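**Q** Once you've had a glance at the structure underneath, I'll fire off some questions.
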Amino acid sequence: MRKLLIANRGEIAVRIIRACREMGISPVAVYSDCDRIAPHVRMSDEAYAIGPSAPRESYLRIDKLIDAAKQSGADAVHPGYGFLAENEDFAAAVCDAGLTFIGPTPKAIETMGSKTAARAAAIRAGVPVVPGSGTALDAHVSDAEIAKLAGTIGYPVLVKAVAGGGGKGMRIVESPADLASAVRAARSEAGTAFGDSTVYLERRLVRPRHIEVQLLGDLHGTVLPFVERECSIQRRHQKVVEESPSPVVSPALRASMTSAAAAVAKTVGYTNAGTIEFLLDEDGRFYFLEMNTRLQVEHPITEMVTALDLVQWQIRIARGETLDLDPAALLAPRGHAIECRIYAEDPDNNFLPSPGTIVALRAPNGPGVRDDSAASAGLDVPIFYDPLISKLIAWAGSRPLAIARMRRALDEYLVAGIKTTVPFFTWLLAQPEFVDGRFHTTYLDEILASRNGRPFVEPSEDIEEIAAIAAAIHTVLSVPANGHGNGGNGKAAAGRWKTDARLEGLR
Amino acid sequence: MRKLLIANRGEIAVRIIRACREMGISPVAVYSDCDRIAPHVRMSDEAYAIGPSAPRESYLRIDKLIDAAKQSGADAVHPGYGFLAENEDFAAAVCDAGLTFIGPTPKAIETMGSKTAARAAAIRAGVPVVPGSGTALDAHVSDAEIAKLAGTIGYPVLVKAVAGGGGKGMRIVESPADLASAVRAARSEAGTAFGDSTVYLERRLVRPRHIEVQLLGDLHGTVLPFVERECSIQRRHQKVVEESPSPVVSPALRASMTSAAAAVAKTVGYTNAGTIEFLLDEDGRFYFLEMNTRLQVEHPITEMVTALDLVQWQIRIARGETLDLDPAALLAPRGHAIECRIYAEDPDNNFLPSPGTIVALRAPNGPGVRDDSAASAGLDVPIFYDPLISKLIAWAGSRPLAIARMRRALDEYLVAGIKTTVPFFTWLLAQPEFVDGRFHTTYLDEILASRNGRPFVEPSEDIEEIAAIAAAIHTVLSVPANGHGNGGNGKAAAGRWKTDARLEGLR
Amino acid sequence: MHYELDIGGRTRRVALTRSGDDFAVTVDGRTHQVQATRIDAQRWSLLVSAPGRSDTPGRRVSHDVTIASDSTGSLTVHVGSTPVTVAVNGRRRWGRKDDGAVAGSGPQRLAAPMPGKVVRVLVAPGETVKARQPLVVVEAMKMENELRAGRDGTVSEIHAREGVSVDAGALLIVIQ
Amino acid sequence: MHYELDIGGRTRRVALTRSGDDFAVTVDGRTHQVQATRIDAQRWSLLVSAPGRSDTPGRRVSHDVTIASDSTGSLTVHVGSTPVTVAVNGRRRWGRKDDGAVAGSGPQRLAAPMPGKVVRVLVAPGETVKARQPLVVVEAMKMENELRAGRDGTVSEIHAREGVSVDAGALLIVIQ
């Protein structure tokens with residue numbers, strides 16, 4: 001393998017470029033119109049335009065990606081996460097073009113991409129699944145039949161899209177009266193989002209944790225699981241903080257969960273990197289939830305506690321190498337790692353996206369801090385894609401030290417020009433429930449609702465006074481671009497300031 | 001401990017600030033005239049001017065440092081490394097002012113700061129020392145006596161300053177005829193550099209390695225050693241690359257060396273962080289060389305392979321906490337870490353210092369890369385201090401992977417405006433002797449001498465062509481500051497370019 | 001030099017005099033000695049002496065400040081990494097929290113804060129709504145975003161239509 | 001547009017024509033299609049098509065370029081992180097390698113490359129020296145730095161005196 005095309009953008013493209021560099025493989029980028037000077041383009045050896053900014057016209061265009069791979073002479077393709085990473089047609093098209101797909105087989109993607117087929121695989125592997133309808137409920141299944149099934153499972157019940165993910169096409173039903181309308185809504189949403197309106201039912205566990213197991217499978221039949229990741233901190237079903245190990249998983253529970261994960265993967269002959277997601281209930285019982293057949297966003301925390309490089313292992317597996325790792329070491333974390341997903345969102349405005357130009361950026365660094373980022377001062381966060389600008393990872397000897405380190409790193413993180421979720425994380429990491437590890441998948445939504453929009457940034461009186469002092473000095477010393485004048489009366493200076501600041505913002 | 005004054009500057013001051021932040025301690029900076037907007041000033045809670053830029057008028061002024069500590073209400077002082085870190089008078093002055101000194105006792109600094117007293121301590125601890133004169137040779141010892149001693153020790157022999165360090169006041173003598181003049185030269189140099197012209201003799205080992213053992217001692221009698229650091233890559237007796245673990249130290253040898261190190265430290269009742277330096281000869285025998293009674297520049301590599309924070313432990317020990325670490329874990333590195341000391345020096349011009357303004361900076365990041373730095377675009381590297389601008393650390397699962405990662409990180413590292421040693425490290429890390437771990441303390445000087453000034457940066461024909469293309473496009477599109485014109489004839493554009501580029505350099 | 005600065009809904013009167021990098025800055029009658037050194041167009045290092053305010057007279061407090069303008073003409077002053085919005089001499093933001101809605105009296109004109117596609121309209125004309133009640137869902141940057149009411153009121157106009165793409169600033173809903 | 005660029009002691013003739021971000025750049029007779037997008041005052045992203053030069057026609061090679069001027073009027077062009085010194089239209093550096101010494105004929109005037117203190121003068125007037133032989137030791141930035149001869153010759157003037165502080169550019173030694 002000499003040359004690898006990365007069918008993605010943003011921080012994950014940069015992450016894969018770094019793995020390529022360390023392996024002596026030449027990385028090839030693709031870019032949409034708005035990404036011409038994005039970091040992944042500038043850091044690659046070659047770069048190919050694949051169309052307009054909207055994903056369906058560029059990063060989701062299998063034909064253009066294969067064309068770019070051929071044009072560059074690449075011999076492999078890494079899909080990253082998102083976009084086409086779990087699309088079996090893309091994996092198949094890559095293989096059909098005679099290229100190596102860095103990921104599982106199209107068949108494994110297809111099987112585990114269906115929530116019901118994945119459940120069946122888990123059941124075959126002897127792994128408990130959340131009680132549910134078992135079969136997919138297409139449009140022909142009547143309301144009465146569905147009501148009967150739901151009665152068997154017990155309320156509250158979840159209606160979930162078979163092709164779903166990220167909470168889309170999902171409804172929580174508390175009582176039989178609401179069932180039919182919830183099924184209709186979920187089918188409609190799933191049809192729009194995934195082109196497949198089939199749904200299924202699942203019992204809703206009370207206050208479960210989301211625990212997942214990373215695994216690698218080579219082409220020679222070996223599957224190795226890794227120490228678990230704790231991903232229960234979610235906002236509207238989207239993970240926002242992950243950590244490894246989980247504060248509540250004992251070595252015995254780790255042994256059971258990781259064996260179960262490996263068993264599921266083996267049942268479907270799984271290869272390359274994948275993640276088995278579990279729900280862990282309050283009594284310590286765990287249930288298979290689903291499998292992600294790709295690299296996870298949160299893979300770095302596993303890398304920090306095991307000193308392994310998962311992207312490099314994906315590539316090594318794809319080129320036929322044997323997984324010659326010590327299985328015991330993969331389950332014995334050194335220290336504790338936490339990841340915060342820094343988004344271009346305004347936490348004080350209902351987490352609305354905040355695209356725009358980053359006019360100043362200071363990323364944290366130093367001991368135990370890793371910043372997997374594609375952000376840079378002067379660059380735009382475009383409106384077309386996921387607003388993730390950086391994954392900030394803190395690693396230290398223990399969970400309390402890792403929390404302290406993450407708080408220090410967040411304090412160092414300065415992003416001006418757009419809003420980010422940095423202030424939200426500063427708040428979250430100070431919550432007693434987080435510090436004590438007492439949380440579950442709905443904890444964050446509950447506590448956010450109870451705050452009722454109170455701002456995360458509440459500057460102290462002292463800080464506001466310093467801001468006033470700085471703003472006054474800045475205004476009086478801001479001179480126009482022609483270099484004349486300095487000061488004068490306040491109003492005129494303030495007027496000039498605005499123009500200057502805009503010019504400065506363009507740099 | 002609520003507030004800590006950092007009696008230092010540069011990257012180590014930033015490093016200590018980060019430890020303070022993670023422990024909830026308020027960091028206080030001091031600065032000389034040229035450091036007013038240095039990162040350590042801006043990252044601290046408070047900052048105090050201590051005088052002109054020359055170190056002897058600021059960072060070496062004990063009175064001003066104690067004044068600043070009192071003015072701020074600090075209750076502790078961290079000396080960093082260099083400047084007053086190994087000055088027992090400073091440690092004593094801090095204690096006399098009722099403040100906590102983050103480091104060993106003045107007595108321990110004094111004892112281990114004398115090369116001959118330190119040798120005596122090692123001998124008392126039963127640790128082998130390099131055969132030598134044993135006693136200090138002051139100006140009254142005659143040439144004849146010295147010649148007799150040298151004959152006993154055997155040639156080649158080293159003449160070393162008792163108060164020495166960094167190769168100053170040191171001479172290698174190959175034969176008896178050169179001895180007297182070498183002693184004279186070493187005495188004179190030592191007198192100028194350290195104010196103490198006393199020297200001693202030591203046998204010169206052939207092609208030894210420099211291996212050192214980090215240790216921590218608490219106030220309750222516990223001393224714990226850490227996995228060794230390999231520091232044999234030196235230019236003119238200055239370490240430039242360090243790694244942990246050493247590629248040649250077996251677990252058995254590690255057990256012997258670390259026990260020996262702990263024994264020396266216990267002999268002098270050592271507390272806080274310190275490092276015992278050994279020479280390891282080609283037959284695997286090791287000899288006590290000296291002790292550094294402070295935090296080492298290269299402490300981060302130990303932190304990466306053990307997941308511990310040595311600066312935080314220094315502070316915890318100073319406030320009386322017990323060293324409750326698992327001794328076995330400290331000797332069991334996970335992965336491999338390498339540090340390159342990035343200097344503002346021109347490797348293609350005999351490593352001459354290259355102070356000036358950093359006009360652009362891109363620091364590496366991502367998996368396993370740590371950049372302990374105080375450099376920033378737009379800031380000056382002043383002429384008054386050590387030209388270290390960053391310590392770049394790469395950590396990975398194995399030594400070959402760590403080397404590959406460091407090479408990747410060096411490729412990402414862009415510093416414009418001044419020369420740095422980045423190209424030198426890119427070259428060094430590709431040398432077969434380095435890759436194979438076959439080196440010793442004189443390896444680098446020998447290979448540098450044999451290169452006879454050949455440049456480290458030798459751009460390929462392709463790269464020169466791209467540089468030509470970029471320079472031409474840049475020149476044609478550089479417009480004057482008044483915003484008029486664009487292009488015109490080449491000569492005029494080039495003339496304008498110069499002015500523009502200077503303006504740009506000021507940003 | 002005198003300024004009126006709006007911060008967090010409060011107006012502060014600031015007067016300053018300058019001597020090189022040293023400023024005497026009076027905020028609402030309290031004077032601070034400030035050494036302000038410019039780092040670049042956006043960044044400042046402030047050392048503030050505040051005698052009488054602390055148990056330790058002569059303390060010199062260090063603040064790293066980054067100043068950027070936002071699209072509304074206000075300044076965002078980052079003190080360390082804490083953002084503070086400052087409007088100089090009446091240059092207030094035209095919109096505030098809650099999806100561009102302005103709390104208080106007068107009609108609320110809910111505008112799209114970013115380009116996107118209207119996924120759902122959750123209210124009907126004439127409907128009574130409460131503050132923070134979701135009104136419209138707009139999909140942008142791969143996320144569905146709820147735009148909420150800034151205050152209690154009655155829906156008087158609906159311009160948003162499901163499935164239609166909108167530009168930033170497009171009027172979606174008016175609440176009386 | 002035509003330029004003469006000196007790189008590594010060789011002169012290259014460059015001609016270019018422009019159409020928006022797209023340039024046709026001819027270097028010593030070989031033409032490259034280049035899309036050059038400016039990132040800021042110093043940085044560029046180049047995508048270079050070089051048909052006929054590669055086994056894969058249609059390859060688009062990406063180069064991240066940072067350009068800074070040095071004190072001599074030359075450009076330092078970082079291609080990725082590799083620095084290349086480029087003199088545009090005869091703006092050559094006045095000094096080159098080896099401590100400001102110029103290889104070749106004519107007297108070598110050794111100047112201090114940075115401010116510092118002369119620690120040792122290692123040669124005497126009239127002494128014959130070899131290229132790369134150490135001439136003077138200057139202490140700066142806590143290090144002792146050897147300044148070396150740029151070529152073989154004879155020491156004709158010594159201005160350096162031990163223990164004396166010197167500014168950058170101060171003449172230390174002349175070799176004929």
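In the structure tokens, chains take letters A, B, ... by order of appearance, with residues numbered from 1 within each chain and ligands from 1 in the order shown.
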To test your reading of the structure, identify every residue in region 15-176 of chain D that backbone DSSP assigns to strand (DSSP E or B), and report it as a VMD selection string.
**A** chain D and resid 15 to 19 22 to 27 30 to 38 43 to 49 60 to 69 75 to 79 82 to 88 108 to 111 116 to 121 128 to 129 134 to 140 143 to 148 153 to 158 165 to 166 171 to 175
**Q** Would you kindly report the residues of chain D within 7 Å of chain B, using only C-alpha atoms, as a ChimeraX atom specification?
**A** /D:1-3,5,25,41,68-70,73,77,79,81,84,88-89,97-99,140-142,145
**Q** Within 10 Å of chain A, which residues of chain B come that close, and what is the closest atom pair and distance in Å for each? Count only C-alpha atoms and give it as CSV.
**A**
```
residue,atom,partner,partner_atom,distance
B:Glu11,CA,A:Gly366,CA,9.7
B:Val14,CA,A:Gly366,CA,8.7
B:Arg15,CA,A:Gly366,CA,7.0
B:Arg18,CA,A:Arg408,CA,7.2
B:Ala19,CA,A:Arg405,CA,8.7
B:Cys20,CA,A:Arg408,CA,9.4
B:Arg21,CA,A:Arg408,CA,5.9
B:Glu22,CA,A:Ala404,CA,5.1
B:Met23,CA,A:Ala404,CA,7.3
B:Gly24,CA,A:Ala404,CA,8.6
B:Met43,CA,A:Glu412,CA,8.5
B:Pro300,CA,A:Pro367,CA,7.5
B:Glu303,CA,A:Pro367,CA,8.0
B:Met304,CA,A:Gly368,CA,7.8
B:Val305,CA,A:Ala307,CA,9.0
B:Thr306,CA,A:Arg334,CA,8.0
B:Ala307,CA,A:Gly397,CA,5.1
B:Leu308,CA,A:Gly397,CA,5.6
B:Asp309,CA,A:Pro367,CA,7.8
B:Ala329,CA,A:Arg334,CA,9.8
B:Arg334,CA,A:Ala307,CA,7.0
B:Gly335,CA,A:Ala307,CA,6.1
B:His336,CA,A:Ala307,CA,8.9
B:Arg362,CA,A:Ser376,CA,9.9
B:Ala363,CA,A:Asn365,CA,9.8
B:Pro364,CA,A:Asp371,CA,9.9
B:Asn365,CA,A:Asp371,CA,6.5
B:Gly366,CA,A:Asp372,CA,5.2
B:Pro367,CA,A:Arg370,CA,6.7
B:Gly368,CA,A:Arg370,CA,7.6
B:Val369,CA,A:Arg370,CA,7.4
B:Arg370,CA,A:Gly366,CA,5.9
B:Asp371,CA,A:Gly366,CA,5.9
B:Asp372,CA,A:Gly366,CA,5.2
B:Ser373,CA,A:Gly366,CA,7.8
B:Ser376,CA,A:Arg362,CA,9.9
B:Lys391,CA,A:Gly366,CA,9.8
B:Leu392,CA,A:Gly366,CA,9.9
B:Ile393,CA,A:Gly366,CA,9.7
B:Trp395,CA,A:Ala307,CA,7.8
B:Ala396,CA,A:Ala307,CA,5.8
B:Gly397,CA,A:Ala307,CA,5.1
B:Ser398,CA,A:Ala307,CA,8.8
B:Leu401,CA,A:Glu22,CA,7.6
B:Ala402,CA,A:Glu22,CA,9.1
B:Ile403,CA,A:Glu22,CA,8.8
B:Ala404,CA,A:Glu22,CA,5.1
B:Arg405,CA,A:Glu22,CA,5.5
B:Met406,CA,A:Glu22,CA,8.5
B:Arg407,CA,A:Glu22,CA,7.5
B:Arg408,CA,A:Glu22,CA,5.8
B:Ala409,CA,A:Arg18,CA,8.7
B:Asp411,CA,A:Arg21,CA,9.1
B:Glu412,CA,A:Met43,CA,8.5
B:Ala481,CA,A:Asn482,CA,8.6
B:Asn482,CA,A:Asn482,CA,7.2
B:Gly483,CA,A:Asn482,CA,9.8
```
**Q** Write out as a list in words which residues come within 7 Å of region 100-105 of chain A when counting only C-alpha atoms, dropping same-chain ones fewer than 2 positions away.
**A**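 Answer for this query is Asp75, Ala76, Val77, His78, Ala91, Val94, Cys95, Gly98, Lys107, Ala108, Ile109, Tyr270, Thr271, Asn272, Ala273, Thr293, Arg294, Gln314, Ile315 and Ala318 of chain A.
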**Q** I need the residues from that last selection saved to file as an mmCIF file, in the first residue's frame (with C-alpha atoms), if you can.
**A**
```cif
data_model
loop_
_atom_site.group_PDB
_atom_site.id
_atom_site.type_symbol
_atom_site.label_atom_id
_atom_site.label_comp_id
_atom_site.auth_asym_id
_atom_site.auth_seq_id
_atom_site.Cartn_x
_atom_site.Cartn_y
_atom_site.Cartn_z
ATOM 1 C CA ASP A 75 -4.464 1.798 -4.015
ATOM 2 C CA ALA A 76 -6.617 2.144 -0.902
ATOM 3 C CA VAL A 77 -9.505 4.213 0.457
ATOM 4 C CA HIS A 78 -10.249 5.157 4.068
ATOM 5 C CA ALA A 91 -17.254 -0.338 0.258
ATOM 6 C CA VAL A 94 -14.045 0.549 -3.779
ATOM 7 C CA CYS A 95 -13.384 -3.193 -3.892
ATOM 8 C CA GLY A 98 -9.579 -2.992 -7.425
ATOM 9 C CA LYS A 107 -21.452 -7.783 3.821
ATOM 10 C CA ALA A 108 -20.515 -7.027 7.450
ATOM 11 C CA ILE A 109 -21.473 -3.377 6.980
ATOM 12 C CA TYR A 270 -16.097 -9.180 11.417
ATOM 13 C CA THR A 271 -12.794 -7.653 10.278
ATOM 14 C CA ASN A 272 -11.053 -4.301 10.822
ATOM 15 C CA ALA A 273 -12.187 -1.756 13.442
ATOM 16 C CA THR A 293 -18.863 -0.756 11.532
ATOM 17 C CA ARG A 294 -16.214 1.944 11.329
ATOM 18 C CA GLN A 314 -6.922 -0.406 10.525
ATOM 19 C CA ILE A 315 -4.449 0.043 7.694
ATOM 20 C CA ALA A 318 -6.396 -4.123 5.610
#
```
**Q** Chain B vs chain A: Cα RMSD after least-squares superposition over all Cα in order?
**A**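 Here the C-alpha RMSD works out to 0.1 Å.
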**Q** Go ahead and compute the interatomic distance for CA of Ile25 (chain A) and CA of Arg2 (chain A), in Å to one decimal.
**A**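 So the two atoms, CA of Ile25 (chain A) and CA of Arg2 (chain A), lie 5.0 Å apart.
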**Q** Could you name the residues that touch Gln176 (chain C) at 8 Å or less, counting only C-alpha atoms, but leaving out those on the same chain fewer than 2 positions away, as a list in words?
**A**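 Near neighbours after the sequence-gap exclusion: Gly106, Pro107, Gln108, Gly153, Thr154, Val155, Ser156 and Val174 of chain C.
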**Q** Please, what distance in Å, to one decimal, runs between CA of Pro113 (chain D) and CA of Gly169 (chain B)?
**A**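 So the two atoms, CA of Pro113 (chain D) and CA of Gly169 (chain B), lie 25.3 Å apart.
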